[in-house]
$ cat work-v8.pdb   # PDB, C-alpha atoms and all ligand atoms
ATOM      1  CA  MET A   1      -0.358  58.059  26.897  1.00  0.00           C
ATOM      2  CA  THR A   2       0.388  59.779  30.148  1.00  0.00           C
ATOM      3  CA  TRP A   3       2.653  59.310  33.123  1.00  0.00           C
ATOM      4  CA  PHE A   4       1.604  57.245  36.118  1.00  0.00           C
ATOM      5  CA  LEU A   5       3.257  56.681  39.456  1.00  0.00           C
ATOM      6  CA  ARG A   6       3.615  53.102  40.512  1.00  0.00           C
ATOM      7  CA  SER A   7       5.382  54.260  43.646  1.00  0.00           C
ATOM      8  CA  MET A   8       7.215  57.275  44.936  1.00  0.00           C
ATOM      9  CA  GLY A   9      10.512  55.522  44.337  1.00  0.00           C
ATOM     10  CA  ASP A  10      13.120  56.391  41.777  1.00  0.00           C
ATOM     11  CA  ARG A  11      12.497  55.168  38.235  1.00  0.00           C
ATOM     12  CA  ASP A  12       9.002  54.079  39.071  1.00  0.00           C
ATOM     13  CA  THR A  13       6.946  56.612  37.133  1.00  0.00           C
ATOM     14  CA  HIS A  14       5.777  54.952  33.924  1.00  0.00           C
ATOM     15  CA  HIS A  15       4.356  56.123  30.619  1.00  0.00           C
ATOM     16  CA  GLY A  16       1.270  54.268  29.519  1.00  0.00           C
ATOM     17  CA  VAL A  17      -2.488  54.027  29.276  1.00  0.00           C
ATOM     18  CA  VAL A  18      -5.000  53.077  31.918  1.00  0.00           C
ATOM     19  CA  GLY A  19      -7.438  50.328  31.035  1.00  0.00           C
ATOM     20  CA  PRO A  20     -11.084  49.842  31.987  1.00  0.00           C
ATOM     21  CA  ASP A  21     -10.022  47.776  34.974  1.00  0.00           C
ATOM     22  CA  GLY A  22      -8.018  50.688  36.321  1.00  0.00           C
ATOM     23  CA  ALA A  23      -4.673  49.048  35.658  1.00  0.00           C
ATOM     24  CA  VAL A  24      -1.974  50.859  33.755  1.00  0.00           C
ATOM     25  CA  ALA A  25      -0.277  49.235  30.795  1.00  0.00           C
ATOM     26  CA  ALA A  26       3.087  50.936  30.572  1.00  0.00           C
ATOM     27  CA  ALA A  27       5.293  51.246  27.527  1.00  0.00           C
ATOM     28  CA  CYS A  28       8.012  49.220  29.232  1.00  0.00           C
ATOM     29  CA  GLY A  29       5.645  46.293  29.742  1.00  0.00           C
ATOM     30  CA  ALA A  30       4.799  46.924  33.370  1.00  0.00           C
ATOM     31  CA  ARG A  31       1.214  46.532  34.502  1.00  0.00           C
ATOM     32  CA  PHE A  32       0.196  48.032  37.791  1.00  0.00           C
ATOM     33  CA  THR A  33      -2.465  49.922  39.662  1.00  0.00           C
ATOM     34  CA  PRO A  34      -1.485  53.575  39.618  1.00  0.00           C
ATOM     35  CA  ARG A  35      -0.792  55.388  42.824  1.00  0.00           C
ATOM     36  CA  PRO A  36      -3.520  57.946  43.554  1.00  0.00           C
ATOM     37  CA  LEU A  37      -2.425  61.556  43.215  1.00  0.00           C
ATOM     38  CA  PRO A  38      -3.821  64.729  44.730  1.00  0.00           C
ATOM     39  CA  TYR A  39      -7.002  66.212  43.268  1.00  0.00           C
ATOM     40  CA  ASP A  40      -8.444  62.803  42.391  1.00  0.00           C
ATOM     41  CA  ARG A  41      -5.979  62.222  39.621  1.00  0.00           C
ATOM     42  CA  VAL A  42      -4.147  59.057  38.807  1.00  0.00           C
ATOM     43  CA  SER A  43      -2.066  60.362  35.905  1.00  0.00           C
ATOM     44  CA  LEU A  44       0.354  63.243  35.977  1.00  0.00           C
ATOM     45  CA  PRO A  45      -0.849  66.397  34.237  1.00  0.00           C
ATOM     46  CA  GLY A  46       2.330  66.598  32.194  1.00  0.00           C
ATOM     47  CA  TYR A  47       5.898  65.501  32.136  1.00  0.00           C
ATOM     48  CA  PRO A  48       7.166  64.327  35.526  1.00  0.00           C
ATOM     49  CA  GLN A  49       8.904  67.095  37.351  1.00  0.00           C
ATOM     50  CA  ASP A  50      11.325  64.794  39.082  1.00  0.00           C
ATOM     51  CA  ARG A  51      13.316  63.136  36.361  1.00  0.00           C
ATOM     52  CA  ASP A  52      14.848  60.697  38.806  1.00  0.00           C
ATOM     53  CA  GLN A  53      11.454  59.056  39.157  1.00  0.00           C
ATOM     54  CA  ILE A  54      11.024  58.365  35.453  1.00  0.00           C
ATOM     55  CA  CYS A  55      11.257  54.772  34.278  1.00  0.00           C
ATOM     56  CA  PRO A  56      14.163  54.778  31.813  1.00  0.00           C
ATOM     57  CA  ALA A  57      12.532  52.137  29.612  1.00  0.00           C
ATOM     58  CA  CYS A  58       9.334  54.144  29.316  1.00  0.00           C
ATOM     59  CA  GLU A  59      11.272  57.290  28.590  1.00  0.00           C
ATOM     60  CA  HIS A  60      13.163  55.446  25.887  1.00  0.00           C
ATOM     61  CA  HIS A  61       9.962  54.216  24.289  1.00  0.00           C
ATOM     62  CA  ARG A  62       8.447  57.644  24.422  1.00  0.00           C
ATOM     63  CA  ARG A  63      11.409  59.211  22.678  1.00  0.00           C
ATOM     64  CA  THR A  64      11.872  56.615  19.995  1.00  0.00           C
ATOM     65  CA  ARG A  65       8.285  55.865  19.082  1.00  0.00           C
ATOM     66  CA  ARG A  66       7.170  59.442  18.711  1.00  0.00           C
ATOM     67  CA  PRO A  67       9.792  61.908  17.623  1.00  0.00           C
ATOM     68  CA  ALA A  68       9.874  64.776  20.047  1.00  0.00           C
ATOM     69  CA  SER A  69       7.937  67.587  18.540  1.00  0.00           C
ATOM     70  CA  ALA A  70       7.952  70.604  20.740  1.00  0.00           C
ATOM     71  CA  THR A  71      11.603  70.715  21.603  1.00  0.00           C
ATOM     72  CA  TRP A  72      13.294  70.905  18.252  1.00  0.00           C
ATOM     73  CA  SER A  73      10.614  72.116  15.887  1.00  0.00           C
ATOM     74  CA  PRO A  74      11.325  75.740  15.057  1.00  0.00           C
ATOM     75  CA  THR A  75       8.007  76.519  13.426  1.00  0.00           C
ATOM     76  CA  GLY A  76       5.384  74.675  15.419  1.00  0.00           C
ATOM     77  CA  VAL A  77       4.497  72.376  12.543  1.00  0.00           C
ATOM     78  CA  SER A  78       4.356  69.592  15.051  1.00  0.00           C
ATOM     79  CA  THR A  79       0.883  70.386  16.342  1.00  0.00           C
ATOM     80  CA  ARG A  80      -0.672  68.254  13.646  1.00  0.00           C
ATOM     81  CA  ALA A  81       1.437  65.272  14.520  1.00  0.00           C
ATOM     82  CA  ARG A  82       0.368  65.405  18.134  1.00  0.00           C
ATOM     83  CA  HIS A  83      -3.224  64.818  17.122  1.00  0.00           C
ATOM     84  CA  GLN A  84      -2.299  61.612  15.382  1.00  0.00           C
ATOM     85  CA  PHE A  85      -0.650  60.332  18.506  1.00  0.00           C
ATOM     86  CA  SER A  86      -3.584  61.017  20.715  1.00  0.00           C
ATOM     87  CA  THR A  87      -6.032  59.145  18.522  1.00  0.00           C
ATOM     88  CA  GLY A  88      -3.854  56.225  17.553  1.00  0.00           C
ATOM     89  CA  SER A  89      -2.854  54.808  20.848  1.00  0.00           C
ATOM     90  CA  ARG A  90      -6.075  53.749  22.500  1.00  0.00           C
ATOM     91  CA  GLY A  91      -6.424  50.149  22.829  1.00  0.00           C
TER      92      GLY A  91
HETATM   93 ZN    ZN B 101       8.121  51.849  32.649  1.00  0.00          ZN
END
$ encode --input "work-v8.pdb" --output "structure tokens"
Amino acid sequence: MTWFLRSMGDRDTHHGVVGPDGAVAAACGARFTPRPLPYDRVSLPGYPQDRDQICPACEHHRRTRRPASATWSPTGVSTRARHQFSTGSRG
């Protein structure tokens, strides 16, 4: 799951997976062709820098479906959990 821009507009950066047809299936239910980014990317390398552009529904899904690890964990135990997420969500 990574972040994709549907447009440069506010609340139009979605969290999802890109399928074999090149379309993104976002957590909020949106399906769209991602906007091309510099350096031949379609997904953002990390968390969107401009929070105004984040889709609130996708952000909500992201927070509730996978408890935030890095922010509150004092010991770094969360690294193991992140591996589970990356393998479990391909569809
Ligand atoms: Zn969304």
$ atom_distance --input "work-v8.pdb" --atom1 "atom CA of Gln53 of chain A" --atom2 "atom CA of Arg65 of chain A"
20.6 Å
$ resolve_selection --input "work-v8.pdb" --expression "the PyMOL selection byres (((chain A and resi 35-47) around 6) and not hetatm)" --output "MDAnalysis selection string"
chainID A and resid 3:6 34 48
$ closest_residue --input "work-v8.pdb" --among "A:Met1, A:Arg51, A:Pro56, A:Phe32" --to "Gly16 of chain A" --atoms "all atoms listed in the file"
A:Met1
$ residues_near_ligand --input "work-v8.pdb" --ligand "ligand ZN 101 (chain B)" --cutoff "10 Å" --atoms "all atoms listed in the file" --output "number ranges by chain"
A: 3-6, 11-16, 25-31, 54-61
$ write_last_selection --input "work-v8.pdb" --atoms "C-alpha atoms" --output "tab-separated table (two decimals), in the coordinates of the input"
chain	number	residue	atom	x	y	z
A	3	TRP	CA	2.65	59.31	33.12
A	4	PHE	CA	1.60	57.24	36.12
A	5	LEU	CA	3.26	56.68	39.46
A	6	ARG	CA	3.62	53.10	40.51
A	11	ARG	CA	12.50	55.17	38.24
A	12	ASP	CA	9.00	54.08	39.07
A	13	THR	CA	6.95	56.61	37.13
A	14	HIS	CA	5.78	54.95	33.92
A	15	HIS	CA	4.36	56.12	30.62
A	16	GLY	CA	1.27	54.27	29.52
A	25	ALA	CA	-0.28	49.24	30.80
A	26	ALA	CA	3.09	50.94	30.57
A	27	ALA	CA	5.29	51.25	27.53
A	28	CYS	CA	8.01	49.22	29.23
A	29	GLY	CA	5.64	46.29	29.74
A	30	ALA	CA	4.80	46.92	33.37
A	31	ARG	CA	1.21	46.53	34.50
A	54	ILE	CA	11.02	58.36	35.45
A	55	CYS	CA	11.26	54.77	34.28
A	56	PRO	CA	14.16	54.78	31.81
A	57	ALA	CA	12.53	52.14	29.61
A	58	CYS	CA	9.33	54.14	29.32
A	59	GLU	CA	11.27	57.29	28.59
A	60	HIS	CA	13.16	55.45	25.89
A	61	HIS	CA	9.96	54.22	24.29
$ atom_distance --input "work-v8.pdb" --atom1 "atom CA of Thr2 of chain A" --atom2 "atom CA of Pro20 of chain A"
15.3 Å
$ decode --input "work-v8.pdb" --residues "segment 35-49 of chain A" --atoms "N, CA and C atoms" --output "short mmCIF file (atom, residue, chain, number, x, y, z; two decimals), in the first residue's frame"
data_model
loop_
_atom_site.label_atom_id
_atom_site.label_comp_id
_atom_site.auth_asym_id
_atom_site.auth_seq_id
_atom_site.Cartn_x
_atom_site.Cartn_y
_atom_site.Cartn_z
N ARG A 35 -1.65 9.60 -11.39
CA ARG A 35 -0.96 10.68 -12.08
C ARG A 35 0.54 10.40 -12.07
N PRO A 36 1.19 10.48 -13.24
CA PRO A 36 2.63 10.21 -13.28
C PRO A 36 3.40 11.24 -12.46
N LEU A 37 4.43 10.76 -11.78
CA LEU A 37 5.26 11.63 -10.95
C LEU A 37 6.65 11.72 -11.58
N PRO A 38 7.44 12.65 -11.10
CA PRO A 38 8.82 12.73 -11.60
C PRO A 38 9.60 11.44 -11.37
N TYR A 39 10.63 11.25 -12.15
CA TYR A 39 11.51 10.08 -12.02
C TYR A 39 10.79 8.77 -12.32
N ASP A 40 9.82 8.82 -13.22
CA ASP A 40 9.13 7.61 -13.66
C ASP A 40 8.41 6.88 -12.55
N ARG A 41 8.01 7.60 -11.55
CA ARG A 41 7.25 6.96 -10.48
C ARG A 41 5.76 7.19 -10.70
N VAL A 42 4.97 6.33 -10.12
CA VAL A 42 3.55 6.64 -10.02
C VAL A 42 3.12 6.75 -8.57
N SER A 43 3.86 6.08 -7.66
CA SER A 43 3.50 6.17 -6.25
C SER A 43 4.50 7.06 -5.52
N LEU A 44 4.03 7.67 -4.47
CA LEU A 44 4.90 8.51 -3.66
C LEU A 44 5.89 7.64 -2.90
N PRO A 45 7.10 8.14 -2.71
CA PRO A 45 8.11 7.34 -2.00
C PRO A 45 7.80 7.19 -0.52
N GLY A 46 6.94 7.98 0.02
CA GLY A 46 6.63 7.88 1.44
C GLY A 46 5.31 8.55 1.73
N TYR A 47 5.21 9.07 2.90
CA TYR A 47 3.98 9.76 3.28
C TYR A 47 3.91 11.10 2.54
N PRO A 48 2.71 11.46 2.05
CA PRO A 48 2.61 12.72 1.32
C PRO A 48 3.08 13.90 2.16
N GLN A 49 3.83 14.75 1.51
CA GLN A 49 4.36 15.90 2.26
C GLN A 49 3.29 16.95 2.49
#
